[in-house]
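Structure, as structure tokens:
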Amino acid sequence: MTKSQQMSDLKTEIVLCKKCPLFQSRKNAIPGIGSYHSKIFMIGEAPGKQEDEEKKPFIGRSGTILAQWLSSIHLLRKDIYITNIVKCHPPNNRDPSSLEISTCFAYLIRQLTIIQPSLILTLGRHAAKALFSLCSLPFTSLQNHHGKLYSITLSYGTVRLIPLFHPATLCYRPSMKKILYSDMQKVAKHIH
């Protein structure tokens, strides 16, 4: 079965999912978007209200910032695969709960296994913590881990992992701009 067929089957499963209470309040489940052959895989936390309405991850203000980050290192959204650890919008844009994360995590693992990226970029604390937990790495805080390169082992081999702050950080902490763009330059060194 091709990657396209596998991802199509998985997308259908995610869209019909009713494994946690989020299905009751969501408008749409958001499996992810991008190239199934990408070597770069970005993982955010959960879709926001606008994403829930438009069926795409990272649109709106966070999406604009993400596009700027990618442009700063000569990448386009179409060059990567972007998803979230939780596929449905938590009400009131609250953080995803541990139940929601653990329920959706199997979908993320299957996406990673199908696409088999060589570089994973986590966006935000919840995504970083989930990936660290998967690989039994101790997670203290995103402040301590952001921009650093980690080597993790997944079912298909060794993968590089770089935790990053979520693009929305710039919306409420503009003073972080220099740090966030510096982290993207570190990412660029591992891509080009």
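Every chain in the structure tokens has a letter given in the order shown (A, B, ...), and although residue numbers restart at 1 in each chain, ligands are simply numbered from 1 in the order shown.
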Which polymer residues have any atom within 10 Å of an atom of A:Pro167, counting only C-alpha atoms, with same-chain residues fewer than 2 positions away left out, as an mmCIF file with N, CA and C atoms, in the first residue's frame?
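This is the output file around38.cif:
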```cif
data_model
loop_
_atom_site.group_PDB
_atom_site.id
_atom_site.type_symbol
_atom_site.label_atom_id
_atom_site.label_comp_id
_atom_site.auth_asym_id
_atom_site.auth_seq_id
_atom_site.Cartn_x
_atom_site.Cartn_y
_atom_site.Cartn_z
ATOM 1 N N GLY A 44 2.381 20.331 16.225
ATOM 2 C CA GLY A 44 1.860 21.332 17.144
ATOM 3 C C GLY A 44 1.068 20.657 18.251
ATOM 4 N N PHE A 58 -2.518 25.182 11.604
ATOM 5 C CA PHE A 58 -1.662 26.364 11.554
ATOM 6 C C PHE A 58 -2.054 27.355 10.463
ATOM 7 N N ARG A 61 -3.147 33.672 12.773
ATOM 8 C CA ARG A 61 -1.925 34.357 13.231
ATOM 9 C C ARG A 61 -0.758 33.393 13.408
ATOM 10 N N SER A 62 -1.014 32.251 14.036
ATOM 11 C CA SER A 62 0.069 31.271 14.225
ATOM 12 C C SER A 62 0.588 30.768 12.885
ATOM 13 N N GLY A 63 -0.321 30.568 11.943
ATOM 14 C CA GLY A 63 0.075 30.103 10.617
ATOM 15 C C GLY A 63 0.908 31.123 9.868
ATOM 16 N N THR A 64 0.565 32.400 10.020
ATOM 17 C CA THR A 64 1.344 33.469 9.387
ATOM 18 C C THR A 64 2.753 33.499 9.957
ATOM 19 N N ILE A 65 2.852 33.386 11.268
ATOM 20 C CA ILE A 65 4.173 33.372 11.915
ATOM 21 C C ILE A 65 4.962 32.145 11.483
ATOM 22 N N LEU A 66 4.305 30.984 11.439
ATOM 23 C CA LEU A 66 4.974 29.762 11.004
ATOM 24 C C LEU A 66 5.497 29.916 9.574
ATOM 25 N N ALA A 67 4.696 30.486 8.687
ATOM 26 C CA ALA A 67 5.129 30.701 7.297
ATOM 27 C C ALA A 67 6.356 31.613 7.255
ATOM 28 N N GLN A 68 6.389 32.625 8.113
ATOM 29 C CA GLN A 68 7.550 33.521 8.180
ATOM 30 C C GLN A 68 8.782 32.770 8.680
ATOM 31 N N TRP A 69 8.595 31.918 9.693
ATOM 32 C CA TRP A 69 9.714 31.113 10.204
ATOM 33 C C TRP A 69 10.280 30.243 9.093
ATOM 34 N N LEU A 123 6.294 21.941 18.181
ATOM 35 C CA LEU A 123 5.931 23.339 18.372
ATOM 36 C C LEU A 123 5.100 23.462 19.645
ATOM 37 N N GLY A 124 5.735 23.901 20.705
ATOM 38 C CA GLY A 124 5.041 24.063 21.972
ATOM 39 C C GLY A 124 5.373 22.985 22.988
ATOM 40 N N LEU A 164 10.718 23.358 19.661
ATOM 41 C CA LEU A 164 10.630 24.796 19.427
ATOM 42 C C LEU A 164 9.444 25.366 20.205
ATOM 43 N N PHE A 165 9.499 26.658 20.449
ATOM 44 C CA PHE A 165 8.326 27.315 21.016
ATOM 45 C C PHE A 165 7.228 27.325 19.961
ATOM 46 N N THR A 169 3.527 31.995 20.523
ATOM 47 C CA THR A 169 4.321 32.679 21.555
ATOM 48 C C THR A 169 4.556 34.130 21.166
ATOM 49 N N LEU A 170 4.802 34.373 19.880
ATOM 50 C CA LEU A 170 5.059 35.738 19.419
ATOM 51 C C LEU A 170 3.838 36.635 19.556
ATOM 52 N N CYS A 171 2.658 36.059 19.571
ATOM 53 C CA CYS A 171 1.432 36.851 19.696
ATOM 54 C C CYS A 171 1.302 37.462 21.081
ATOM 55 N N LYS A 177 10.952 37.217 19.989
ATOM 56 C CA LYS A 177 11.201 37.100 18.548
ATOM 57 C C LYS A 177 12.640 36.676 18.234
ATOM 58 N N LEU A 180 13.180 32.981 19.082
ATOM 59 C CA LEU A 180 12.455 32.086 18.192
ATOM 60 C C LEU A 180 13.119 32.005 16.817
#
```
With the cut-off set at 10 Å and counting only C-alpha atoms, tabulate each residue of stretch 92-120 of chain A with an atom at most that distance from an atom of stretch 9-21 of chain A, showing the nearest atom pair and its distance in Å to one decimal, ordered by chain and increasing number, as CSV.
```
residue,atom,partner,partner_atom,distance
A:Leu99,CA,A:Cys20,CA,7.8
A:Glu100,CA,A:Cys20,CA,6.4
A:Ile101,CA,A:Cys20,CA,9.7
A:Ser102,CA,A:Cys20,CA,9.8
A:Thr103,CA,A:Cys20,CA,6.8
A:Cys104,CA,A:Lys19,CA,8.4
A:Tyr107,CA,A:Ile14,CA,7.5
A:Arg110,CA,A:Leu10,CA,8.1
A:Gln111,CA,A:Leu10,CA,8.0
A:Ile114,CA,A:Leu10,CA,9.9
```
Create the file for the chosen residues now, containing C-alpha atoms and written as a PDB file, in the first residue's frame.
```pdb
ATOM      1  CA  LEU A  99      -6.555  12.068  28.180  1.00  0.00           C
ATOM      2  CA  GLU A 100      -6.927  13.830  24.814  1.00  0.00           C
ATOM      3  CA  ILE A 101      -3.194  13.607  24.140  1.00  0.00           C
ATOM      4  CA  SER A 102      -2.962   9.917  25.037  1.00  0.00           C
ATOM      5  CA  THR A 103      -6.094   9.110  23.009  1.00  0.00           C
ATOM      6  CA  CYS A 104      -4.792  10.835  19.868  1.00  0.00           C
ATOM      7  CA  TYR A 107      -2.642   8.529  15.284  1.00  0.00           C
ATOM      8  CA  ARG A 110       1.041   6.021  12.702  1.00  0.00           C
ATOM      9  CA  GLN A 111       1.598   9.267  10.774  1.00  0.00           C
ATOM     10  CA  ILE A 114       4.029   6.161   7.341  1.00  0.00           C
TER      11      ILE A 114
END
```
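Minimum atom-to-atom distance to A:Cys88, evaluated using only C-alpha atoms, belongs to A:Ile30 out of A:Val159, A:Ile30, A:Ala168, A:Tyr36.
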Exercise. Could you pull out the residues in stretch 7-47 of chain A that DSSP calls strand (DSSP E) from the backbone, as a ChimeraX atom specification?
Key: /A:33-34,40-44
Selected residues written out with all heavy atoms, as a compact mmCIF listing (two decimals), in the first residue's frame:
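Saved to out_23.txt:
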```txt
# COMPACT_ATOMS: atom_id res chain seq x y z
N ILE A 33 -1.48 18.18 7.19
CA ILE A 33 -1.37 18.62 5.80
C ILE A 33 0.10 18.67 5.40
O ILE A 33 0.97 18.91 6.23
CB ILE A 33 -2.04 20.00 5.63
CG1 ILE A 33 -2.24 20.34 4.16
CG2 ILE A 33 -1.29 21.08 6.35
CD1 ILE A 33 -3.17 21.52 3.94
N GLY A 34 0.35 18.41 4.13
CA GLY A 34 1.71 18.54 3.62
C GLY A 34 2.14 17.33 2.82
O GLY A 34 1.32 16.49 2.44
N ILE A 40 10.82 16.38 6.85
CA ILE A 40 10.60 17.28 7.98
C ILE A 40 9.15 17.18 8.42
O ILE A 40 8.22 17.32 7.62
CB ILE A 40 10.93 18.73 7.60
CG1 ILE A 40 12.36 18.84 7.07
CG2 ILE A 40 10.74 19.66 8.81
CD1 ILE A 40 12.65 20.13 6.35
N PHE A 41 8.95 16.94 9.70
CA PHE A 41 7.62 16.69 10.27
C PHE A 41 7.44 17.65 11.44
O PHE A 41 8.20 17.60 12.41
CB PHE A 41 7.59 15.23 10.73
CG PHE A 41 6.23 14.67 11.04
CD1 PHE A 41 5.61 13.82 10.14
CD2 PHE A 41 5.60 14.94 12.24
CE1 PHE A 41 4.37 13.25 10.44
CE2 PHE A 41 4.37 14.39 12.55
CZ PHE A 41 3.75 13.54 11.64
N MET A 42 6.44 18.52 11.37
CA MET A 42 6.17 19.48 12.45
C MET A 42 4.95 19.03 13.23
O MET A 42 3.93 18.66 12.64
CB MET A 42 5.92 20.87 11.90
CG MET A 42 7.14 21.53 11.31
SD MET A 42 6.78 23.25 10.88
CE MET A 42 8.01 24.05 11.86
N ILE A 43 5.07 19.11 14.55
CA ILE A 43 3.97 18.69 15.43
C ILE A 43 3.60 19.83 16.37
O ILE A 43 4.41 20.25 17.20
CB ILE A 43 4.37 17.46 16.27
CG1 ILE A 43 4.87 16.32 15.39
CG2 ILE A 43 3.19 17.02 17.13
CD1 ILE A 43 5.54 15.20 16.16
N GLY A 44 2.38 20.33 16.23
CA GLY A 44 1.86 21.33 17.14
C GLY A 44 1.07 20.66 18.25
O GLY A 44 1.17 19.44 18.46
```
| message | Set the distance at 12 Å and use only C-alpha atoms: which residues neighbour A:Ser98 once local chain neighbours fewer than 5 positions away are removed? I'd like the list as a PyMOL selection string. | response | chain A and resi 20+45+85-86+103-105+126-127+129-130
If you keep N, CA, C and O atoms, can you produce a file of those selected residues as a short mmCIF file (atom, residue, chain, number, x, y, z; two decimals), in the first residue's frame?
```
data_model
loop_
_atom_site.label_atom_id
_atom_site.label_comp_id
_atom_site.auth_asym_id
_atom_site.auth_seq_id
_atom_site.Cartn_x
_atom_site.Cartn_y
_atom_site.Cartn_z
N CYS A 20 -12.61 10.28 22.20
CA CYS A 20 -12.58 11.14 23.39
C CYS A 20 -13.68 12.18 23.26
O CYS A 20 -14.25 12.36 22.18
N GLU A 45 0.28 21.45 18.95
CA GLU A 45 -0.42 20.92 20.12
C GLU A 45 -1.85 20.49 19.81
O GLU A 45 -2.22 19.36 20.02
N ILE A 85 -0.59 17.01 17.98
CA ILE A 85 -0.71 15.79 18.78
C ILE A 85 -2.17 15.47 19.03
O ILE A 85 -2.56 14.32 19.08
N VAL A 86 -3.02 16.51 19.17
CA VAL A 86 -4.46 16.32 19.32
C VAL A 86 -5.10 16.82 18.02
O VAL A 86 -4.77 17.91 17.55
N THR A 103 -5.14 9.71 23.94
CA THR A 103 -6.09 9.11 23.01
C THR A 103 -5.66 9.33 21.56
O THR A 103 -5.75 8.42 20.74
N CYS A 104 -5.18 10.50 21.25
CA CYS A 104 -4.79 10.84 19.87
C CYS A 104 -3.38 10.38 19.51
O CYS A 104 -3.02 10.36 18.33
N PHE A 105 -2.58 10.04 20.49
CA PHE A 105 -1.15 9.79 20.25
C PHE A 105 -0.91 8.65 19.27
O PHE A 105 0.03 8.70 18.47
N HIS A 126 3.45 21.02 24.97
CA HIS A 126 2.75 19.74 24.99
C HIS A 126 3.31 18.77 23.96
O HIS A 126 3.46 17.58 24.22
N ALA A 127 3.60 19.28 22.78
CA ALA A 127 4.16 18.42 21.72
C ALA A 127 5.55 17.92 22.12
O ALA A 127 5.86 16.74 21.95
N LYS A 129 6.83 17.64 25.17
CA LYS A 129 6.71 16.72 26.31
C LYS A 129 6.23 15.33 25.85
O LYS A 129 6.74 14.31 26.32
N ALA A 130 5.29 15.29 24.92
CA ALA A 130 4.76 14.01 24.42
C ALA A 130 5.85 13.21 23.70
O ALA A 130 5.96 12.01 23.89
#
```
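Distances here use only C-alpha atoms; by that measure, the residue among A:His74, A:Arg94, A:Lys55, A:His145 closest to A:Met184 is A:His74.
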note - atom CA of A:Gly60 and atom CA of A:Leu121 are separated by 19.8 Å
Leaving out A:Lys27 and any residue of its chain fewer than 3 positions from it, which residues lie within 9 Å of it when counting only C-alpha atoms, given as a list in words?
-> Phe23, Gln24, Asp52, Glu53, Lys55, Cys88 and His89 of chain A
Alpha helix (DSSP H) per DSSP on the backbone: members of stretch 2-48 of chain A, as a count of residues only: 13
Review point. Between A:Pro57, A:Asp95, A:Gln5, A:Leu161, which has the minimum distance to A:Lys39 (counting only C-alpha atoms)?
Key: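 Nearest candidate to A:Lys39 out of A:Pro57, A:Asp95, A:Gln5, A:Leu161: A:Leu161.
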- Task: Rank nothing, just name the residue among A:Thr113, A:Thr140, A:Ser97, A:Lys186 nearest to A:Thr158, using only C-alpha atoms.
- Result: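 Closest to A:Thr158 of all the choices is A:Thr113.
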* What is the distance, in Å and to one decimal place, between atom CA of A:Lys49 and atom CA of A:Asn93? ->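 A separation of 7.0 Å between them.
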